[in-house]
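> Contents of target.cif (mmCIF, C-alpha atoms and all ligand atoms):
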data_input
loop_
_atom_site.label_atom_id
_atom_site.label_comp_id
_atom_site.auth_asym_id
_atom_site.auth_seq_id
_atom_site.Cartn_x
_atom_site.Cartn_y
_atom_site.Cartn_z
CA THR B 1 -7.18 56.65 -23.52
CA VAL B 2 -7.58 59.78 -25.55
CA GLY B 3 -8.75 59.15 -29.11
CA LYS B 4 -6.92 60.35 -32.18
CA THR B 5 -8.07 62.52 -35.03
CA ILE B 6 -8.87 60.43 -38.10
CA THR B 7 -8.21 61.67 -41.62
CA CYS B 8 -10.62 60.13 -44.12
CA LYS B 9 -12.63 61.02 -47.22
CA ALA B 10 -15.82 63.04 -47.19
CA ALA B 11 -18.04 64.73 -49.75
CA ILE B 12 -17.98 68.37 -48.66
CA ALA B 13 -20.53 70.98 -49.72
CA TRP B 14 -18.43 74.16 -49.80
CA GLU B 15 -21.12 76.36 -51.32
CA ALA B 16 -24.85 76.26 -52.06
CA GLY B 17 -25.69 75.10 -55.54
CA LYS B 18 -22.23 73.63 -56.24
CA GLU B 19 -21.22 69.98 -56.57
CA LEU B 20 -19.92 68.16 -53.51
CA SER B 21 -16.15 67.88 -53.28
CA TYR B 22 -14.62 64.46 -52.51
CA GLU B 23 -11.60 65.19 -50.35
CA ASP B 24 -9.80 64.63 -47.07
CA VAL B 25 -11.43 65.67 -43.83
CA GLU B 26 -10.05 65.51 -40.29
CA VAL B 27 -12.53 64.03 -37.83
CA SER B 28 -11.81 64.77 -34.16
CA PRO B 29 -12.38 62.12 -31.49
CA PRO B 30 -15.76 62.08 -29.76
CA ARG B 31 -16.09 64.27 -26.67
CA ALA B 32 -18.31 63.45 -23.65
CA HIS B 33 -21.65 61.96 -24.70
CA GLU B 34 -20.55 61.69 -28.33
CA VAL B 35 -19.99 58.73 -30.62
CA ARG B 36 -17.65 58.41 -33.61
CA ILE B 37 -19.09 56.14 -36.30
CA LYS B 38 -17.39 54.51 -39.30
CA ILE B 39 -20.16 54.99 -41.85
CA ALA B 40 -20.59 51.93 -44.10
CA TYR B 41 -23.45 53.08 -46.32
CA THR B 42 -25.56 56.19 -46.73
CA GLY B 43 -28.70 56.90 -48.72
CA VAL B 44 -29.23 60.18 -50.52
CA CYS B 45 -32.53 61.85 -49.61
CA HIS B 46 -34.34 64.65 -51.40
CA THR B 47 -33.72 66.80 -48.30
CA ASP B 48 -29.94 66.63 -48.88
CA ALA B 49 -30.51 68.11 -52.36
CA TYR B 50 -32.87 70.70 -50.88
CA THR B 51 -30.26 71.96 -48.42
CA LEU B 52 -27.50 71.85 -51.03
CA SER B 53 -29.66 73.98 -53.35
CA GLY B 54 -29.57 76.85 -50.84
CA LYS B 55 -33.34 76.84 -50.28
CA ASP B 56 -33.15 75.61 -46.68
CA PRO B 57 -33.32 78.58 -44.29
CA GLU B 58 -31.13 76.58 -41.87
CA GLY B 59 -28.61 75.59 -44.56
CA ALA B 60 -25.12 76.96 -43.88
CA PHE B 61 -21.81 76.17 -45.58
CA PRO B 62 -19.27 74.57 -45.72
CA ILE B 63 -21.07 71.49 -44.49
CA ILE B 64 -20.99 67.70 -44.71
CA LEU B 65 -24.52 66.64 -45.73
CA GLY B 66 -26.16 63.20 -45.45
CA HIS B 67 -28.59 61.95 -42.81
CA GLU B 68 -29.54 58.43 -43.93
CA GLY B 69 -26.56 56.40 -42.74
CA ALA B 70 -25.58 53.12 -41.11
CA GLY B 71 -22.19 52.11 -39.76
CA ILE B 72 -20.15 50.74 -36.89
CA VAL B 73 -19.18 52.54 -33.67
CA GLU B 74 -15.43 53.27 -33.85
CA SER B 75 -15.05 55.02 -30.49
CA ILE B 76 -17.12 56.61 -27.75
CA GLY B 77 -16.67 59.63 -25.53
CA GLU B 78 -16.90 59.79 -21.77
CA GLY B 79 -20.28 58.91 -20.31
CA VAL B 80 -21.64 57.03 -23.32
CA THR B 81 -23.58 53.97 -22.17
CA SER B 82 -26.19 53.39 -24.87
CA VAL B 83 -23.79 52.07 -27.52
CA LYS B 84 -20.35 50.46 -27.46
CA VAL B 85 -17.42 50.09 -29.86
CA GLY B 86 -18.30 47.62 -32.62
CA ASP B 87 -22.07 48.11 -32.43
CA HIS B 88 -23.88 48.32 -35.74
CA VAL B 89 -25.82 51.57 -35.67
CA VAL B 90 -28.12 53.90 -37.57
CA ALA B 91 -27.70 57.68 -37.22
CA LEU B 92 -30.81 59.58 -36.07
CA TYR B 93 -31.57 63.09 -37.28
CA THR B 94 -34.47 63.08 -34.85
CA PRO B 95 -32.68 62.24 -31.59
CA GLU B 96 -34.32 60.79 -28.51
CA CYS B 97 -32.96 61.85 -25.10
CA LYS B 98 -35.88 60.31 -23.18
CA GLU B 99 -35.77 63.12 -20.61
CA CYS B 100 -36.77 66.45 -22.21
CA LYS B 101 -40.30 67.88 -22.19
CA PHE B 102 -40.89 66.58 -25.72
CA CYS B 103 -39.60 63.06 -25.08
CA LYS B 104 -41.63 62.79 -21.86
CA SER B 105 -44.84 64.18 -23.38
CA GLY B 106 -45.89 60.95 -25.05
CA LYS B 107 -47.26 63.20 -27.80
CA THR B 108 -44.35 63.59 -30.21
CA ASN B 109 -41.11 62.04 -31.42
CA LEU B 110 -39.45 65.45 -31.66
CA CYS B 111 -36.71 65.81 -29.03
CA GLY B 112 -35.71 69.26 -27.82
CA LYS B 113 -32.40 68.48 -26.15
CA ILE B 114 -29.96 69.41 -28.96
CA ARG B 115 -32.24 70.94 -31.61
CA ALA B 116 -30.76 74.45 -31.31
CA THR B 117 -27.14 73.45 -31.94
CA GLN B 118 -28.14 70.81 -34.50
CA GLY B 119 -29.94 73.52 -36.50
CA LYS B 120 -26.73 75.57 -36.51
CA GLY B 121 -24.64 72.64 -37.77
CA LEU B 122 -22.78 72.22 -34.49
CA MET B 123 -22.31 69.55 -31.85
CA PRO B 124 -24.17 70.12 -28.55
CA ASP B 125 -21.18 71.96 -27.03
CA GLY B 126 -21.33 74.48 -29.90
CA THR B 127 -18.24 73.29 -31.82
CA SER B 128 -17.53 71.12 -34.87
CA ARG B 129 -15.59 67.83 -35.14
CA PHE B 130 -14.75 68.32 -38.84
CA ARG B 131 -11.85 70.27 -40.38
CA ALA B 132 -10.75 70.54 -43.99
CA ARG B 133 -8.42 72.98 -45.81
CA GLY B 134 -7.73 74.50 -42.39
CA ARG B 135 -11.38 75.42 -41.80
CA ASP B 136 -14.10 74.09 -39.52
CA ILE B 137 -16.82 72.27 -41.48
CA LEU B 138 -20.43 72.19 -40.25
CA HIS B 139 -22.43 69.09 -39.29
CA PHE B 140 -25.83 68.41 -40.91
CA MET B 141 -28.99 67.33 -39.10
CA GLY B 142 -26.81 65.90 -36.34
CA CYS B 143 -25.62 63.15 -38.73
CA SER B 144 -23.26 64.16 -41.62
CA THR B 145 -23.21 60.70 -43.15
CA PHE B 146 -21.38 61.79 -46.34
CA SER B 147 -18.11 61.26 -44.44
CA GLN B 148 -16.34 57.92 -43.90
CA TYR B 149 -16.20 58.82 -40.20
CA THR B 150 -18.64 61.11 -38.41
CA VAL B 151 -19.27 62.19 -34.84
CA VAL B 152 -22.81 62.36 -33.44
CA ALA B 153 -24.41 62.95 -30.04
CA ASP B 154 -25.09 59.73 -28.15
CA ILE B 155 -28.83 60.50 -28.28
CA SER B 156 -28.57 60.65 -32.10
CA VAL B 157 -27.64 57.02 -32.65
CA VAL B 158 -29.27 53.63 -32.13
CA ALA B 159 -27.71 50.15 -32.13
CA VAL B 160 -29.49 47.60 -34.33
CA GLN B 161 -29.14 43.86 -34.95
CA PRO B 162 -25.69 43.20 -36.47
CA ASP B 163 -27.08 40.59 -38.88
CA ALA B 164 -29.09 43.25 -40.72
CA PRO B 165 -27.13 44.39 -43.81
CA MET B 166 -26.08 48.01 -43.44
CA ASP B 167 -26.71 48.83 -47.10
CA ARG B 168 -30.38 48.30 -46.21
CA THR B 169 -30.58 49.62 -42.62
CA CYS B 170 -29.21 52.98 -43.78
CA LEU B 171 -32.54 53.60 -45.53
CA LEU B 172 -34.35 53.22 -42.21
CA GLY B 173 -32.47 56.37 -41.14
CA CYS B 174 -34.93 58.51 -43.12
CA GLY B 175 -37.02 57.74 -46.21
CA ILE B 176 -38.61 54.40 -45.39
CA THR B 177 -39.20 55.10 -41.70
CA THR B 178 -40.63 58.54 -42.49
CA GLY B 179 -43.38 57.29 -44.79
CA TYR B 180 -44.09 54.05 -42.97
CA GLY B 181 -44.30 55.83 -39.61
CA ALA B 182 -46.51 58.59 -41.03
CA ALA B 183 -49.11 55.98 -41.99
CA ARG B 184 -48.79 53.75 -38.91
CA ILE B 185 -48.01 56.23 -36.11
CA THR B 186 -48.91 59.80 -37.12
CA ALA B 187 -52.12 58.95 -39.02
CA ASN B 188 -52.67 55.52 -37.46
CA VAL B 189 -54.78 54.68 -40.53
CA GLU B 190 -57.75 52.51 -39.55
CA LYS B 191 -58.66 49.27 -41.26
CA GLY B 192 -60.74 49.86 -44.38
CA SER B 193 -60.07 53.58 -44.61
CA ASN B 194 -59.42 55.22 -47.97
CA ILE B 195 -56.17 57.09 -48.40
CA ALA B 196 -54.38 59.14 -51.06
CA VAL B 197 -50.61 59.53 -51.28
CA PHE B 198 -49.25 62.44 -53.32
CA GLY B 199 -45.74 61.70 -54.63
CA ALA B 200 -44.41 58.17 -55.11
CA GLY B 201 -40.78 58.58 -54.14
CA CYS B 202 -39.20 56.60 -51.32
CA VAL B 203 -41.32 58.47 -48.78
CA GLY B 204 -44.66 58.10 -50.60
CA LEU B 205 -44.11 54.42 -51.41
CA SER B 206 -43.30 53.89 -47.73
CA VAL B 207 -46.63 55.49 -46.79
CA VAL B 208 -48.25 52.96 -49.15
CA GLN B 209 -46.40 50.13 -47.40
CA GLY B 210 -47.54 51.41 -44.00
CA ALA B 211 -51.14 51.77 -45.18
CA VAL B 212 -51.11 48.18 -46.46
CA ALA B 213 -49.87 47.02 -43.04
CA GLN B 214 -52.73 48.95 -41.40
CA GLY B 215 -55.32 47.24 -43.63
CA ALA B 216 -56.37 50.39 -45.51
CA GLY B 217 -59.14 50.14 -48.14
CA LYS B 218 -58.41 52.22 -51.22
CA ILE B 219 -54.77 53.31 -51.45
CA ILE B 220 -54.65 55.88 -54.24
CA VAL B 221 -51.25 57.08 -55.43
CA VAL B 222 -51.11 60.45 -57.19
CA ASP B 223 -47.98 61.27 -59.21
CA VAL B 224 -47.21 63.36 -62.29
CA ASN B 225 -44.61 60.80 -63.43
CA PRO B 226 -46.39 57.95 -65.30
CA ALA B 227 -43.49 55.59 -64.53
CA LYS B 228 -44.54 55.68 -60.86
CA GLU B 229 -47.71 53.66 -61.56
CA ALA B 230 -45.79 50.37 -61.68
CA TRP B 231 -43.94 51.33 -58.49
CA ALA B 232 -47.20 52.15 -56.72
CA ASN B 233 -48.67 48.78 -57.71
CA GLN B 234 -45.57 46.93 -56.54
CA PHE B 235 -45.99 48.36 -53.03
CA GLY B 236 -49.71 47.58 -52.81
CA ALA B 237 -51.54 50.67 -54.07
CA THR B 238 -55.04 49.91 -55.34
CA ASP B 239 -55.27 52.89 -57.74
CA PHE B 240 -52.99 55.35 -59.52
CA VAL B 241 -53.98 58.80 -60.77
CA ASN B 242 -51.84 61.08 -62.92
CA PRO B 243 -53.20 64.58 -62.24
CA THR B 244 -51.90 65.84 -65.59
CA LYS B 245 -54.06 63.30 -67.48
CA LEU B 246 -57.48 64.21 -66.05
CA PRO B 247 -60.28 65.28 -68.39
CA GLU B 248 -60.65 69.03 -69.05
CA GLY B 249 -62.31 70.75 -66.08
CA GLN B 250 -61.78 67.96 -63.52
CA THR B 251 -59.32 68.69 -60.72
CA ILE B 252 -57.39 66.11 -58.72
CA VAL B 253 -59.57 67.06 -55.72
CA ASP B 254 -62.76 66.34 -57.72
CA LYS B 255 -61.32 63.04 -58.92
CA LEU B 256 -60.35 61.81 -55.43
CA ILE B 257 -63.69 62.86 -53.92
CA GLU B 258 -65.48 60.95 -56.69
CA MET B 259 -63.33 57.84 -56.17
CA THR B 260 -63.92 57.76 -52.40
CA ASP B 261 -67.59 58.68 -52.05
CA GLY B 262 -67.00 62.13 -50.57
CA GLY B 263 -63.30 62.30 -49.80
CA CYS B 264 -60.34 60.43 -48.33
CA ASP B 265 -60.02 59.50 -44.68
CA TYR B 266 -56.29 60.28 -44.83
CA THR B 267 -54.07 62.01 -47.38
CA PHE B 268 -50.29 62.46 -47.36
CA ASP B 269 -48.15 65.06 -49.10
CA CYS B 270 -44.84 63.48 -50.09
CA THR B 271 -43.89 66.12 -52.69
CA GLY B 272 -42.98 69.30 -50.77
CA ASN B 273 -45.15 71.31 -53.21
CA VAL B 274 -47.47 73.71 -51.36
CA GLY B 275 -50.11 73.56 -54.13
CA VAL B 276 -50.19 69.78 -53.73
CA MET B 277 -50.50 70.21 -49.95
CA ARG B 278 -53.66 72.27 -50.48
CA ALA B 279 -55.15 69.67 -52.84
CA ALA B 280 -54.28 66.93 -50.33
CA LEU B 281 -56.19 68.74 -47.57
CA GLU B 282 -59.19 69.54 -49.75
CA ALA B 283 -59.43 65.92 -50.97
CA CYS B 284 -60.14 64.86 -47.36
CA HIS B 285 -63.60 63.78 -46.26
CA LYS B 286 -65.76 66.42 -44.57
CA GLY B 287 -66.06 65.96 -40.82
CA TRP B 288 -62.98 63.83 -40.18
CA GLY B 289 -60.47 63.57 -43.05
CA GLN B 290 -56.87 64.21 -42.04
CA SER B 291 -54.05 65.42 -44.24
CA ILE B 292 -50.47 64.79 -43.18
CA ILE B 293 -47.68 67.00 -44.54
CA ILE B 294 -44.38 65.17 -44.91
CA GLY B 295 -42.80 67.03 -47.84
CA VAL B 296 -40.34 69.84 -47.10
CA ALA B 297 -41.12 73.12 -48.87
CA ALA B 298 -38.54 75.73 -49.83
CA ALA B 299 -37.90 78.85 -47.72
CA GLY B 300 -40.62 81.44 -48.21
CA GLN B 301 -43.29 78.98 -49.34
CA GLU B 302 -46.58 79.04 -47.43
CA ILE B 303 -49.69 76.86 -47.39
CA ALA B 304 -53.20 78.20 -47.90
CA THR B 305 -56.78 76.97 -47.89
CA ARG B 306 -60.19 78.39 -46.98
CA PRO B 307 -60.57 78.15 -43.19
CA PHE B 308 -64.01 76.64 -43.99
CA GLN B 309 -62.12 73.44 -44.90
CA LEU B 310 -61.12 73.13 -41.23
CA VAL B 311 -64.39 74.50 -39.84
CA THR B 312 -66.02 71.58 -41.59
CA GLY B 313 -63.85 69.09 -39.81
CA ARG B 314 -60.78 68.43 -41.90
CA ILE B 315 -57.52 68.20 -39.97
CA TRP B 316 -54.15 69.45 -41.21
CA LYS B 317 -51.04 68.07 -39.55
CA GLY B 318 -47.51 66.92 -40.27
CA CYS B 319 -44.61 64.89 -38.97
CA ALA B 320 -40.85 64.48 -39.03
CA PHE B 321 -39.29 61.01 -39.25
CA GLY B 322 -42.80 59.55 -39.40
CA GLY B 323 -43.43 60.23 -35.72
CA VAL B 324 -40.98 57.42 -34.95
CA LYS B 325 -38.87 57.58 -31.77
CA GLY B 326 -35.56 56.38 -33.13
CA ARG B 327 -33.88 54.80 -30.12
CA SER B 328 -37.07 53.12 -28.88
CA GLN B 329 -38.58 52.04 -32.18
CA LEU B 330 -35.95 51.62 -34.90
CA PRO B 331 -34.71 48.20 -33.69
CA GLY B 332 -38.30 46.96 -34.11
CA LEU B 333 -38.36 48.11 -37.72
CA VAL B 334 -35.05 46.35 -38.36
CA ALA B 335 -36.55 43.18 -36.84
CA ASP B 336 -39.58 43.55 -39.12
CA TYR B 337 -37.23 43.84 -42.09
CA LEU B 338 -35.32 40.70 -41.07
CA ASP B 339 -38.63 38.85 -40.57
CA GLY B 340 -39.73 39.76 -44.10
CA LYS B 341 -42.53 42.04 -42.87
CA LEU B 342 -40.99 45.32 -44.06
CA LYS B 343 -39.77 45.87 -47.62
CA VAL B 344 -36.42 47.66 -47.84
CA ASP B 345 -34.40 46.02 -50.66
CA GLU B 346 -37.08 47.00 -53.18
CA PHE B 347 -36.36 50.73 -52.72
CA ILE B 348 -32.73 50.51 -53.89
CA THR B 349 -32.54 51.44 -57.57
CA HIS B 350 -28.97 52.76 -57.79
CA ARG B 351 -25.62 52.08 -56.14
CA LYS B 352 -22.68 54.49 -56.04
CA THR B 353 -19.37 54.97 -54.28
CA LEU B 354 -18.67 58.11 -52.22
CA SER B 355 -16.47 59.56 -54.97
CA GLU B 356 -19.45 59.24 -57.36
CA ILE B 357 -21.95 60.90 -55.01
CA ASN B 358 -22.69 63.83 -57.33
CA SER B 359 -24.09 61.40 -59.88
CA ALA B 360 -26.42 60.07 -57.14
CA PHE B 361 -27.85 63.61 -56.88
CA ASP B 362 -28.24 63.77 -60.68
CA THR B 363 -30.01 60.40 -60.77
CA MET B 364 -32.38 61.49 -58.00
CA LYS B 365 -33.45 64.48 -60.08
CA GLN B 366 -34.08 62.36 -63.20
CA GLY B 367 -37.18 60.65 -61.77
CA ASP B 368 -36.26 56.98 -62.26
CA CYS B 369 -34.52 56.75 -58.90
CA ILE B 370 -36.23 55.68 -55.70
CA ARG B 371 -33.07 55.48 -53.60
CA ALA B 372 -29.38 55.53 -54.42
CA VAL B 373 -27.26 53.81 -51.77
CA VAL B 374 -23.68 55.04 -51.46
CA ASP B 375 -20.93 52.58 -50.47
CA MET B 376 -18.48 54.58 -48.37
P1 LIG B 401 -38.79 62.06 -54.42
O1 LIG B 401 -38.33 63.21 -55.23
O2 LIG B 401 -38.13 60.74 -54.63
O3 LIG B 401 -40.36 61.84 -54.65
C1 LIG B 401 -41.26 62.87 -54.91
C2 LIG B 401 -42.32 62.38 -55.90
O4 LIG B 401 -43.31 63.40 -56.03
C3 LIG B 401 -41.81 62.07 -57.30
O5 LIG B 401 -42.22 60.78 -57.72
C4 LIG B 401 -42.46 63.16 -58.17
O6 LIG B 401 -42.75 62.71 -59.50
C5 LIG B 401 -43.72 63.46 -57.38
N1 LIG B 401 -44.32 64.77 -57.65
C6 LIG B 401 -43.69 65.95 -57.87
N2 LIG B 401 -44.59 66.93 -58.08
C7 LIG B 401 -45.82 66.36 -57.99
C8 LIG B 401 -47.14 66.86 -58.12
N3 LIG B 401 -47.37 68.15 -58.40
N4 LIG B 401 -48.16 66.00 -57.95
C9 LIG B 401 -47.93 64.69 -57.69
N5 LIG B 401 -46.68 64.16 -57.57
C10 LIG B 401 -45.65 64.99 -57.72
O7 LIG B 401 -38.66 62.53 -52.90
P2 LIG B 401 -38.62 61.68 -51.52
O8 LIG B 401 -37.20 61.38 -51.18
O9 LIG B 401 -39.62 60.59 -51.55
O10 LIG B 401 -39.09 62.83 -50.50
C11 LIG B 401 -40.38 63.41 -50.64
C12 LIG B 401 -40.47 64.69 -49.83
O11 LIG B 401 -40.45 64.40 -48.44
C13 LIG B 401 -39.34 65.70 -50.06
O12 LIG B 401 -39.89 67.00 -50.01
C14 LIG B 401 -38.43 65.47 -48.87
O13 LIG B 401 -37.64 66.60 -48.59
C15 LIG B 401 -39.45 65.18 -47.80
N6 LIG B 401 -39.00 64.41 -46.63
C16 LIG B 401 -39.56 64.75 -45.42
C17 LIG B 401 -39.27 64.02 -44.29
C18 LIG B 401 -39.87 64.34 -42.96
O14 LIG B 401 -39.43 63.81 -41.95
N7 LIG B 401 -40.89 65.19 -42.89
C19 LIG B 401 -38.38 62.94 -44.39
C20 LIG B 401 -37.87 62.59 -45.65
C21 LIG B 401 -38.19 63.34 -46.75
N1 LIG B 402 -34.54 73.10 -42.01
C1 LIG B 402 -35.76 73.24 -42.76
C2 LIG B 402 -36.75 72.15 -42.46
C3 LIG B 402 -36.27 70.80 -42.90
C4 LIG B 402 -37.17 69.76 -42.29
O1 LIG B 402 -38.38 69.95 -42.14
N2 LIG B 402 -36.59 68.62 -41.94
C5 LIG B 402 -37.35 67.52 -41.42
C6 LIG B 402 -36.68 66.27 -41.82
S1 LIG B 402 -36.59 66.03 -43.55
C7 LIG B 402 -35.73 64.58 -43.66
O2 LIG B 402 -35.49 64.27 -44.94
C8 LIG B 402 -37.38 67.56 -39.89
O3 LIG B 402 -36.92 66.68 -39.18
N3 LIG B 402 -37.97 68.57 -39.36
C9 LIG B 402 -38.10 68.76 -37.95
C10 LIG B 402 -36.92 69.50 -37.38
O4 LIG B 402 -36.86 69.68 -36.16
O5 LIG B 402 -36.05 69.90 -38.18
C11 LIG B 402 -36.38 74.61 -42.53
O6 LIG B 402 -37.36 74.90 -43.24
O7 LIG B 402 -35.88 75.33 -41.66
ZN ZN B 403 -34.39 62.58 -45.49
#
Give the structure from the file, written as structure tokens.
Ligand code: NAD
Ligand code: AHE
Ligand code: ZN

Amino acid sequence: TVGKTITCKAAIAWEAGKELSYEDVEVSPPRAHEVRIKIAYTGVCHTDAYTLSGKDPEGAFPIILGHEGAGIVESIGEGVTSVKVGDHVVALYTPECKECKFCKSGKTNLCGKIRATQGKGLMPDGTSRFRARGRDILHFMGCSTFSQYTVVADISVVAVQPDAPMDRTCLLGCGITTGYGAARITANVEKGSNIAVFGAGCVGLSVVQGAVAQGAGKIIVVDVNPAKEAWANQFGATDFVNPTKLPEGQTIVDKLIEMTDGGCDYTFDCTGNVGVMRAALEACHKGWGQSIIIGVAAAGQEIATRPFQLVTGRIWKGCAFGGVKGRSQLPGLVADYLDGKLKVDEFITHRKTLSEINSAFDTMKQGDCIRAVVDM
């Protein structure tokens, strides 16, 4: 049977820098190898605000943002075998086709199959499933979770245990998985190693959680917001440093090198600030320290350091979605959550409805928000 177009509510970003508009959207049925999901909950990530601001070189409008969502499969297109109607799912902005050069490399979680169209805000066949006010609306990061119904590629969705509450599993769609994976997969922090995490938002606190699971030694959180010290402690950090409160003449790099007898084994940028990225690299131990960039910097921003920092053995790298392969590995994270081994509830500081989503963006900018979860 041929599916029908659904009219539902979405928060549409018509223009960069403007508030989202809560209004009707028409969502076409899924085509071959596509899945239509009834989104139950979505988180709001800093990256949604970044693209809305107009600073994302790939950002185009009008668009339906959101990439941290969980829901239930409403219908499937021809050829879909990996999920079925009624499955509880999480949308994946890093898809996993299991057959492209990237997926088969064993070296990365990045999948190349649909990246080109995803970056243009389109489905893999080059068209959109959203219409509003008589216009096509773009998709975002292959997810567009700020709509009550969305359509995604079948490689961009994973079924998870139905007993896991979706107001929690949505956060595994980005923030928590990103930080936790960066510590456990990308860095693979060894037992006893000293680490520093710059930025204690959802991503940074998730790095802390991953480092604790790996048995790290010192876990030093660096944040300019003093209120983040209590958060860092709650997730298992051993130390907190506010770089704005250091004595005259001491830099954050000096301070971290002093605290770790020569430098950190691993550092993580979870701020998106290129100056912080440089400090994170230079706070690494000579000979082997690795710095992992997670934060997303605005268009035009570039990183710099003296090449001597790398000549003397420091390693600069980065990751998307924590290096996690979504379809293979997300169900395991959901199981860890259900077994009490992975904190998720603790990240939720605010709850909103879809019609209130603009206030979720405001709260995120105020600094007392770790994650706002939106009830669709
Ligand atoms: P957030 O805004 O909640 O957290 C950022 C934290 O950094 C805040 O606590 C802030 O006080 C702190 N900070 C800001 N400037 C600082 C400075 N100069 N020194 C130290 N701390 C500073 O953001 P989030 O949702 O946790 O996301 C963090 C970053 O990661 C964002 O740039 C986001 O776009 C990016 N991100 C990347 C990926 C990925 O896959 N690579 C995934 C999710 C998010
Ligand atoms: N489009 C931006 C880059 C944005 C970016 O780096 N996105 C991350 C995920 S952030 C999630 O909150 C990502 O997945 N990157 C890998 C990829 O393939 O997009 C730009 O600068 O062009
Ligand atoms: Zn995100």
> For region 115-125 of chain B, list every protein, DNA or RNA residue within 6 Å, evaluated using all atoms listed in the file, and leave out those in the same chain fewer than 3 positions away; present the list as a PyMOL selection string.
chain B and resi 112+128+138-142
> Would you mind exporting C-alpha atoms of the selected residues as a compact mmCIF listing (two decimals), in the coordinates of the input?

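This went into again-v7.txt:
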# COMPACT_ATOMS: atom_id res chain seq x y z
CA GLY B 112 -35.71 69.26 -27.82
CA SER B 128 -17.53 71.12 -34.87
CA LEU B 138 -20.43 72.19 -40.25
CA HIS B 139 -22.43 69.09 -39.29
CA PHE B 140 -25.83 68.41 -40.91
CA MET B 141 -28.99 67.33 -39.10
CA GLY B 142 -26.81 65.90 -36.34
> Output as AutoDock Vina command-line options the centre and edge lengths (Å, one decimal) of the box along x, y and z of the file that holds every listed atom of region 185-204 of chain B after adding 3 Å on each side.

--center_x -50.0 --center_y 55.9 --center_z -45.6 --size_x 27.5 --size_y 19.2 --size_z 25.0
> For Trp288 (chain B), list every protein, DNA or RNA residue within 12 Å, evaluated using only C-alpha atoms, and leave out those in the same chain fewer than 5 positions away; present the list as a PyMOL selection string.
chain B and resi 187+193+262-267+281-283+309-316
> Here is a test: counting only C-alpha atoms and all ligand atoms, which residue of B:Trp231, B:Tyr337, B:Phe240, B:Phe321 is nearest to ligand ZN 403 (chain B)?
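Nearest candidate to ligand ZN 403 (chain B) out of B:Trp231, B:Tyr337, B:Phe240, B:Phe321: B:Phe321.
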> At a cut-off of 7 Å, using only C-alpha atoms, what residues contact region 32-38 of chain B? Leave out same-chain residues fewer than 5 positions from it and give the result as a ChimeraX atom specification.
/B:71-80,148-154
> Around ligand ZN 403 (chain B), which protein and nucleic acid residues have at least one atom no more than 9 Å from it, if we count all atoms listed in the file? List them as a ChimeraX atom specification.
/B:43-48,66-68,93,173-175,178,203,321
> Please list as a ChimeraX atom specification every residue within 6 Å of region 339-352 of chain B, counting only C-alpha atoms and excluding residues in the same chain fewer than 4 positions away.
/B:356,369-374
> What is the atom O4 of ligand LIG 402 (chain B) to CA of Ala60 (chain B) distance in Å?
15.8 Å
> Output as a PDB file, in the coordinates of the input: region 351-361 of chain B, completed with N, CA and C atoms.

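Output file rebuild-v9.pdb is given in full below:
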ATOM      1  N   ARG B 351     -26.721  52.210 -57.090  1.00  0.00           N
ATOM      2  CA  ARG B 351     -25.620  52.080 -56.140  1.00  0.00           C
ATOM      3  C   ARG B 351     -24.445  52.910 -56.629  1.00  0.00           C
ATOM      4  N   LYS B 352     -23.806  53.612 -55.699  1.00  0.00           N
ATOM      5  CA  LYS B 352     -22.680  54.490 -56.040  1.00  0.00           C
ATOM      6  C   LYS B 352     -21.593  54.344 -54.987  1.00  0.00           C
ATOM      7  N   THR B 353     -20.394  54.844 -55.307  1.00  0.00           N
ATOM      8  CA  THR B 353     -19.370  54.970 -54.280  1.00  0.00           C
ATOM      9  C   THR B 353     -19.351  56.444 -53.847  1.00  0.00           C
ATOM     10  N   LEU B 354     -18.672  56.726 -52.724  1.00  0.00           N
ATOM     11  CA  LEU B 354     -18.670  58.110 -52.220  1.00  0.00           C
ATOM     12  C   LEU B 354     -18.100  59.083 -53.258  1.00  0.00           C
ATOM     13  N   SER B 355     -17.061  58.640 -53.987  1.00  0.00           N
ATOM     14  CA  SER B 355     -16.470  59.560 -54.970  1.00  0.00           C
ATOM     15  C   SER B 355     -17.432  59.853 -56.129  1.00  0.00           C
ATOM     16  N   GLU B 356     -18.464  59.022 -56.284  1.00  0.00           N
ATOM     17  CA  GLU B 356     -19.450  59.240 -57.360  1.00  0.00           C
ATOM     18  C   GLU B 356     -20.733  59.910 -56.856  1.00  0.00           C
ATOM     19  N   ILE B 357     -20.693  60.469 -55.651  1.00  0.00           N
ATOM     20  CA  ILE B 357     -21.950  60.900 -55.010  1.00  0.00           C
ATOM     21  C   ILE B 357     -22.692  61.969 -55.810  1.00  0.00           C
ATOM     22  N   ASN B 358     -21.963  62.813 -56.552  1.00  0.00           N
ATOM     23  CA  ASN B 358     -22.690  63.830 -57.330  1.00  0.00           C
ATOM     24  C   ASN B 358     -23.612  63.201 -58.368  1.00  0.00           C
ATOM     25  N   SER B 359     -23.213  62.040 -58.892  1.00  0.00           N
ATOM     26  CA  SER B 359     -24.090  61.400 -59.880  1.00  0.00           C
ATOM     27  C   SER B 359     -25.320  60.819 -59.186  1.00  0.00           C
ATOM     28  N   ALA B 360     -25.230  60.518 -57.881  1.00  0.00           N
ATOM     29  CA  ALA B 360     -26.420  60.070 -57.140  1.00  0.00           C
ATOM     30  C   ALA B 360     -27.437  61.217 -57.052  1.00  0.00           C
ATOM     31  N   PHE B 361     -26.946  62.439 -56.891  1.00  0.00           N
ATOM     32  CA  PHE B 361     -27.850  63.610 -56.880  1.00  0.00           C
ATOM     33  C   PHE B 361     -28.488  63.799 -58.254  1.00  0.00           C
TER      34      PHE B 361
END
